[in-house]
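Peer 1: Below is the file work-v6.pdb, with PDB, C-alpha atoms.
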```pdb
ATOM      1  CA  MET A 461      80.515 -44.355 -29.724  1.00  0.00           C
ATOM      2  CA  VAL A 462      80.307 -42.789 -26.273  1.00  0.00           C
ATOM      3  CA  GLU A 463      83.216 -40.551 -25.285  1.00  0.00           C
ATOM      4  CA  GLU A 464      84.705 -40.991 -21.848  1.00  0.00           C
ATOM      5  CA  VAL A 465      84.326 -37.911 -19.636  1.00  0.00           C
ATOM      6  CA  PHE A 466      86.893 -37.158 -16.955  1.00  0.00           C
ATOM      7  CA  ARG A 467      85.760 -35.170 -13.926  1.00  0.00           C
ATOM      8  CA  ILE A 468      87.646 -33.906 -10.876  1.00  0.00           C
ATOM      9  CA  THR A 469      86.070 -31.850  -8.097  1.00  0.00           C
ATOM     10  CA  VAL A 470      88.138 -29.668  -5.777  1.00  0.00           C
ATOM     11  CA  LYS A 471      86.681 -28.134  -2.635  1.00  0.00           C
ATOM     12  CA  LYS A 472      88.159 -25.485  -0.348  1.00  0.00           C
ATOM     13  CA  GLY A 473      85.971 -24.117   2.396  1.00  0.00           C
ATOM     14  CA  ASP A 474      82.565 -23.373   0.945  1.00  0.00           C
ATOM     15  CA  VAL A 475      83.890 -23.128  -2.640  1.00  0.00           C
ATOM     16  CA  GLU A 476      83.656 -26.176  -4.846  1.00  0.00           C
ATOM     17  CA  VAL A 477      84.941 -26.337  -8.435  1.00  0.00           C
ATOM     18  CA  THR A 478      84.553 -29.193 -10.908  1.00  0.00           C
ATOM     19  CA  VAL A 479      86.786 -29.583 -13.947  1.00  0.00           C
ATOM     20  CA  GLU A 480      85.542 -31.962 -16.593  1.00  0.00           C
ATOM     21  CA  GLY A 481      86.309 -32.832 -20.187  1.00  0.00           C
ATOM     22  CA  THR A 482      87.033 -35.585 -22.644  1.00  0.00           C
ATOM     23  CA  ASP A 483      90.806 -34.991 -22.542  1.00  0.00           C
ATOM     24  CA  ARG A 484      92.249 -36.534 -19.395  1.00  0.00           C
ATOM     25  CA  SER A 485      95.503 -34.516 -19.448  1.00  0.00           C
ATOM     26  CA  PHE A 486      93.560 -31.237 -19.814  1.00  0.00           C
ATOM     27  CA  VAL A 487      91.390 -32.048 -16.789  1.00  0.00           C
ATOM     28  CA  GLU A 488      94.427 -33.047 -14.720  1.00  0.00           C
ATOM     29  CA  ASP A 489      96.430 -29.942 -15.745  1.00  0.00           C
ATOM     30  CA  LYS A 490      93.567 -27.552 -14.962  1.00  0.00           C
ATOM     31  CA  THR A 491      92.950 -29.250 -11.625  1.00  0.00           C
ATOM     32  CA  GLU A 492      96.638 -28.952 -10.690  1.00  0.00           C
ATOM     33  CA  GLU A 493      96.556 -25.268 -11.641  1.00  0.00           C
ATOM     34  CA  LEU A 494      93.484 -24.713  -9.457  1.00  0.00           C
ATOM     35  CA  ILE A 495      95.075 -26.490  -6.519  1.00  0.00           C
ATOM     36  CA  ARG A 496      98.258 -24.422  -6.894  1.00  0.00           C
ATOM     37  CA  ARG A 497      96.221 -21.229  -6.870  1.00  0.00           C
ATOM     38  CA  MET A 498      94.304 -22.344  -3.802  1.00  0.00           C
ATOM     39  CA  ILE A 499      97.509 -23.220  -1.946  1.00  0.00           C
ATOM     40  CA  GLU A 500      99.252 -19.984  -2.945  1.00  0.00           C
ATOM     41  CA  GLY A 501      96.160 -17.975  -2.081  1.00  0.00           C
ATOM     42  CA  ARG A 502      96.079 -16.363  -5.512  1.00  0.00           C
ATOM     43  CA  PRO A 503      92.633 -15.219  -6.527  1.00  0.00           C
ATOM     44  CA  THR A 504      91.096 -16.809  -9.569  1.00  0.00           C
ATOM     45  CA  GLU A 505      90.294 -14.643 -12.587  1.00  0.00           C
ATOM     46  CA  GLY A 506      86.654 -14.284 -11.507  1.00  0.00           C
ATOM     47  CA  VAL A 507      87.550 -12.878  -8.103  1.00  0.00           C
ATOM     48  CA  GLU A 508      90.141 -10.551  -9.641  1.00  0.00           C
ATOM     49  CA  PHE A 509      87.629  -9.366 -12.250  1.00  0.00           C
ATOM     50  CA  GLU A 510      85.023  -8.574  -9.579  1.00  0.00           C
ATOM     51  CA  ARG A 511      87.606  -6.641  -7.545  1.00  0.00           C
ATOM     52  CA  LYS A 512      88.620  -4.574 -10.590  1.00  0.00           C
ATOM     53  CA  LYS A 513      84.983  -3.985 -11.474  1.00  0.00           C
ATOM     54  CA  GLU A 514      84.283  -2.667  -7.983  1.00  0.00           C
ATOM     55  CA  GLU A 515      87.349  -0.382  -8.099  1.00  0.00           C
ATOM     56  CA  LEU A 516      86.257   0.974 -11.501  1.00  0.00           C
ATOM     57  CA  ARG A 517      82.748   1.665 -10.220  1.00  0.00           C
ATOM     58  CA  LYS A 518      84.142   3.524  -7.205  1.00  0.00           C
ATOM     59  CA  PHE A 519      86.481   5.583  -9.418  1.00  0.00           C
ATOM     60  CA  PHE A 520      83.629   6.339 -11.823  1.00  0.00           C
ATOM     61  CA  LYS A 521      81.369   7.430  -8.973  1.00  0.00           C
ATOM     62  CA  GLU A 522      84.092   9.728  -7.555  1.00  0.00           C
ATOM     63  CA  LYS A 523      84.592  11.411 -10.921  1.00  0.00           C
ATOM     64  CA  ALA A 524      80.814  11.724 -11.480  1.00  0.00           C
ATOM     65  CA  PRO A 525      80.833  12.319 -15.234  1.00  0.00           C
ATOM     66  CA  ARG A 526      77.551  13.687 -16.608  1.00  0.00           C
ATOM     67  CA  LYS A 527      77.602  12.989 -20.341  1.00  0.00           C
ATOM     68  CA  HIS A 528      78.984  10.397 -22.741  1.00  0.00           C
ATOM     69  CA  THR A 529      82.027  12.456 -23.710  1.00  0.00           C
ATOM     70  CA  GLU A 530      83.014  12.616 -20.031  1.00  0.00           C
ATOM     71  CA  PHE A 531      82.160   8.914 -19.586  1.00  0.00           C
ATOM     72  CA  ILE A 532      84.572   8.031 -22.400  1.00  0.00           C
ATOM     73  CA  LEU A 533      87.338  10.231 -20.993  1.00  0.00           C
ATOM     74  CA  VAL A 534      86.964   8.776 -17.474  1.00  0.00           C
ATOM     75  CA  LEU A 535      86.919   5.195 -18.773  1.00  0.00           C
ATOM     76  CA  GLY A 536      89.860   5.913 -21.095  1.00  0.00           C
ATOM     77  CA  TYR A 537      91.776   7.411 -18.169  1.00  0.00           C
ATOM     78  CA  TRP A 538      91.041   4.276 -16.135  1.00  0.00           C
ATOM     79  CA  HIS A 539      92.271   2.017 -18.932  1.00  0.00           C
ATOM     80  CA  GLN A 540      95.355   4.077 -19.725  1.00  0.00           C
ATOM     81  CA  HIS A 541      96.524   5.403 -16.374  1.00  0.00           C
ATOM     82  CA  VAL A 542      95.006   3.284 -13.599  1.00  0.00           C
ATOM     83  CA  GLU A 543      95.302  -0.120 -15.258  1.00  0.00           C
ATOM     84  CA  GLY A 544      98.409   0.967 -17.194  1.00  0.00           C
ATOM     85  CA  LYS A 545      97.260  -0.636 -20.434  1.00  0.00           C
ATOM     86  CA  GLY A 546      98.073   2.319 -22.671  1.00  0.00           C
ATOM     87  CA  GLU A 547      96.103   2.825 -25.863  1.00  0.00           C
ATOM     88  CA  PHE A 548      92.478   1.732 -26.044  1.00  0.00           C
ATOM     89  CA  THR A 549      89.866   0.904 -28.660  1.00  0.00           C
ATOM     90  CA  THR A 550      86.141   1.569 -28.807  1.00  0.00           C
ATOM     91  CA  LYS A 551      85.671  -2.079 -27.821  1.00  0.00           C
ATOM     92  CA  ASP A 552      87.808  -1.588 -24.684  1.00  0.00           C
ATOM     93  CA  ILE A 553      85.650   1.388 -23.689  1.00  0.00           C
ATOM     94  CA  ALA A 554      82.428  -0.516 -24.512  1.00  0.00           C
ATOM     95  CA  ASN A 555      83.580  -3.281 -22.138  1.00  0.00           C
ATOM     96  CA  LEU A 556      84.202  -0.707 -19.413  1.00  0.00           C
ATOM     97  CA  TYR A 557      80.745   0.823 -20.026  1.00  0.00           C
ATOM     98  CA  ASP A 558      79.372  -2.646 -19.350  1.00  0.00           C
ATOM     99  CA  MET A 559      81.405  -2.991 -16.152  1.00  0.00           C
ATOM    100  CA  VAL A 560      79.858   0.196 -14.730  1.00  0.00           C
ATOM    101  CA  ASN A 561      76.378  -0.785 -15.972  1.00  0.00           C
ATOM    102  CA  LEU A 562      75.947   2.115 -18.391  1.00  0.00           C
ATOM    103  CA  PRO A 563      74.103   1.997 -21.700  1.00  0.00           C
ATOM    104  CA  LEU A 564      76.310   2.731 -24.694  1.00  0.00           C
ATOM    105  CA  PRO A 565      75.738   5.938 -26.657  1.00  0.00           C
ATOM    106  CA  GLU A 566      74.036   5.507 -30.034  1.00  0.00           C
ATOM    107  CA  SER A 567      77.390   5.682 -31.777  1.00  0.00           C
ATOM    108  CA  LEU A 568      80.512   5.265 -29.715  1.00  0.00           C
ATOM    109  CA  ASN A 569      82.609   5.811 -32.856  1.00  0.00           C
ATOM    110  CA  SER A 570      81.017   9.241 -33.373  1.00  0.00           C
ATOM    111  CA  GLN A 571      81.847  10.203 -29.800  1.00  0.00           C
ATOM    112  CA  PHE A 572      85.473   9.159 -30.319  1.00  0.00           C
ATOM    113  CA  PHE A 573      85.567  11.152 -33.566  1.00  0.00           C
ATOM    114  CA  ARG A 574      84.277  14.302 -31.818  1.00  0.00           C
ATOM    115  CA  LEU A 575      86.751  13.925 -28.969  1.00  0.00           C
ATOM    116  CA  SER A 576      89.689  13.536 -31.369  1.00  0.00           C
ATOM    117  CA  ARG A 577      88.959  16.692 -33.430  1.00  0.00           C
ATOM    118  CA  GLY A 578      89.495  20.408 -32.926  1.00  0.00           C
ATOM    119  CA  ASP A 579      92.338  22.642 -31.848  1.00  0.00           C
ATOM    120  CA  LYS A 580      92.669  20.876 -28.509  1.00  0.00           C
ATOM    121  CA  PRO A 581      91.560  17.269 -29.006  1.00  0.00           C
ATOM    122  CA  LEU A 582      90.891  15.296 -25.851  1.00  0.00           C
ATOM    123  CA  LEU A 583      91.732  11.993 -27.556  1.00  0.00           C
ATOM    124  CA  LEU A 584      94.727  11.351 -29.789  1.00  0.00           C
ATOM    125  CA  LYS A 585      94.995   8.650 -32.417  1.00  0.00           C
ATOM    126  CA  GLY A 586      97.186   5.790 -31.257  1.00  0.00           C
ATOM    127  CA  THR A 587     100.054   3.969 -32.940  1.00  0.00           C
ATOM    128  CA  ARG A 588      97.705   1.602 -34.785  1.00  0.00           C
ATOM    129  CA  ARG A 589      94.435   2.053 -36.588  1.00  0.00           C
ATOM    130  CA  GLY A 590      91.414   2.163 -34.275  1.00  0.00           C
ATOM    131  CA  ARG A 591      93.491   2.861 -31.165  1.00  0.00           C
ATOM    132  CA  TYR A 592      93.334   6.027 -29.084  1.00  0.00           C
ATOM    133  CA  MET A 593      94.874   7.584 -26.000  1.00  0.00           C
ATOM    134  CA  LEU A 594      94.064  10.599 -23.876  1.00  0.00           C
ATOM    135  CA  SER A 595      95.767  13.844 -24.769  1.00  0.00           C
ATOM    136  CA  GLU A 596      97.194  15.977 -21.968  1.00  0.00           C
ATOM    137  CA  ASP A 597      94.027  18.087 -22.148  1.00  0.00           C
ATOM    138  CA  GLY A 598      91.868  14.964 -21.888  1.00  0.00           C
ATOM    139  CA  LYS A 599      93.866  13.794 -18.892  1.00  0.00           C
ATOM    140  CA  ARG A 600      93.476  17.216 -17.255  1.00  0.00           C
ATOM    141  CA  VAL A 601      89.701  17.164 -17.765  1.00  0.00           C
ATOM    142  CA  VAL A 602      89.408  13.821 -15.959  1.00  0.00           C
ATOM    143  CA  GLU A 603      91.721  14.846 -13.135  1.00  0.00           C
ATOM    144  CA  MET A 604      89.624  17.984 -12.555  1.00  0.00           C
ATOM    145  CA  LEU A 605      86.353  16.037 -12.329  1.00  0.00           C
ATOM    146  CA  PRO A 606      84.063  16.329 -10.378  1.00  0.00           C
ATOM    147  CA  GLU A 607      85.039  19.933  -9.719  1.00  0.00           C
ATOM    148  CA  ARG A 608      82.307  21.914 -11.420  1.00  0.00           C
ATOM    149  CA  PRO A 609      81.147  25.463 -11.003  1.00  0.00           C
ATOM    150  CA  LYS A 610      78.125  25.588  -8.755  1.00  0.00           C
ATOM    151  CA  ARG A 611      74.957  26.837 -10.401  1.00  0.00           C
ATOM    152  CA  ARG A 612      73.472  29.861  -8.759  1.00  0.00           C
ATOM    153  CA  ARG A 613      69.844  29.665  -7.786  1.00  0.00           C
ATOM    154  CA  LYS A 614      67.623  32.506  -8.750  1.00  0.00           C
ATOM    155  CA  LYS A 615      66.121  34.422  -5.876  1.00  0.00           C
ATOM    156  CA  GLY A 616      62.602  33.462  -5.028  1.00  0.00           C
ATOM    157  CA  LYS A 617      62.876  29.880  -6.244  1.00  0.00           C
TER     158      LYS A 617
END
```
Would you write the structure of this file as structure tokens?
Peer 2:
Amino acid sequence: MVEEVFRITVKKGDVEVTVEGTDRSFVEDKTEELIRRMIEGRPTEGVEFERKKEELRKFFKEKAPRKHTEFILVLGYWHQHVEGKGEFTTKDIANLYDMVNLPLPESLNSQFFRLSRGDKPLLLKGTRRGRYMLSEDGKRVVEMLPERPKRRRKKGK
């Protein structure tokens, strides 16, 4: 038996979107939602995602971290303080690595472990297992980036 496919195409300017499926009410509901967003001028999730990605890349470039521990702190700061999402997981940070086009370290979990140990840990364990947040020291490190002591050149080189 062949299923009936419902298809509705909506076009605004040079953007054209087609909603299709076997459930007529789903296709109609999604089309109405799209039309409402177009009328209200609200960006779709894709546009919003691209905007956030660009803002994250700019922030990351301004902070100019040099190693994975700094990468994690900068991305954690972004998640916790810029986006206001609070605690984060290794998966959250891995997604942010992807957004800034960085390769993941061999073991992200090991990096988190190192950052959460010592007398002055830069990451604190969160309220649930596998969740972390920046400590005050971790926050300070990110806020001080990219201020670094300048290396002195040896004479004659």
Peer 1: Choose the residue, out of A:Val601, A:Val507, A:Pro606, A:Phe548, that has the smallest atom-to-atom separation from Thr587 in chain A; count all atoms listed in the file.
Peer 2: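 Between A:Val601, A:Val507, A:Pro606, A:Phe548, the residue approaching Thr587 in chain A most closely is A:Phe548.
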Peer 1: For the provided coordinates, the residues matched by the PyMOL selection byres ((chain A and resi 470-480) around 8) should be stated as a list in words.
Peer 2: Val465, Phe466, Arg467, Ile468, Thr469, Gly481, Thr482, Val487, Lys490, Thr491, Ile495 and Met498 of chain A
Peer 1: Applied to the shown file, which residues does the PyMOL selection byres ((chain A and resi 571) around 12) return, written as an NGL selection string?
Peer 2: :A and (527-533 or 550 or 553-554 or 564-570 or 572-577 or 582-583)
Peer 1: Could you state the separation of CA of Pro563 in chain A and CA of Gly578 in chain A in Å, given to one decimal place?
Peer 2: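 Spanning CA of Pro563 in chain A to CA of Gly578 in chain A is a straight-line distance of 26.5 Å.
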Peer 1: Of the candidates A:Arg591, A:Lys585, A:Tyr557, A:Leu605, which one gets nearest to Lys513 in chain A if we count all atoms listed in the file?
Peer 2: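 Of the candidates, the smallest distance to Lys513 in chain A is held by A:Tyr557.
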Peer 1: Between A:Gly544, A:Gly506, A:Gly598, A:Pro525, which residue has the minimum interatomic distance to Lys580 in chain A, considering only C-alpha atoms?
Peer 2: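 For Lys580 in chain A, the nearest of the given residues is A:Gly598.
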Peer 1: So what do you get for CA of Lys545 in chain A versus CA of Glu493 in chain A, distance-wise?
Peer 2: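 Atom-to-atom, CA of Lys545 in chain A and CA of Glu493 in chain A are spaced 26.2 Å apart.
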Peer 1: From the set A:Arg497, A:Lys512, A:Arg484, A:Lys599, which residue has the shortest atom-to-atom contact distance to Gly536 in chain A, counting only C-alpha atoms?
Peer 2: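 Ranked by minimum distance to Gly536 in chain A, first place goes to A:Lys599.
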Peer 1: Kindly indicate which residue among A:Glu464, A:Glu492, A:Leu535, A:Val602 lies nearest to Arg517 in chain A, using all atoms listed in the file for the distances.
Peer 2: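 Using all atoms listed in the file, Arg517 in chain A sits closest to A:Leu535.
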Peer 1: Using CA of Met604 in chain A and CA of Glu515 in chain A as the two end points, give the distance in Å to one decimal.
Peer 2: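 Result for CA of Met604 in chain A versus CA of Glu515 in chain A: 19.0 Å, one decimal.
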Peer 1: Which residue, A:Glu547, A:Glu514, A:Glu522, A:Glu603, has the smallest gap to Arg589 in chain A when you use all atoms listed in the file?
Peer 2: A:Glu547
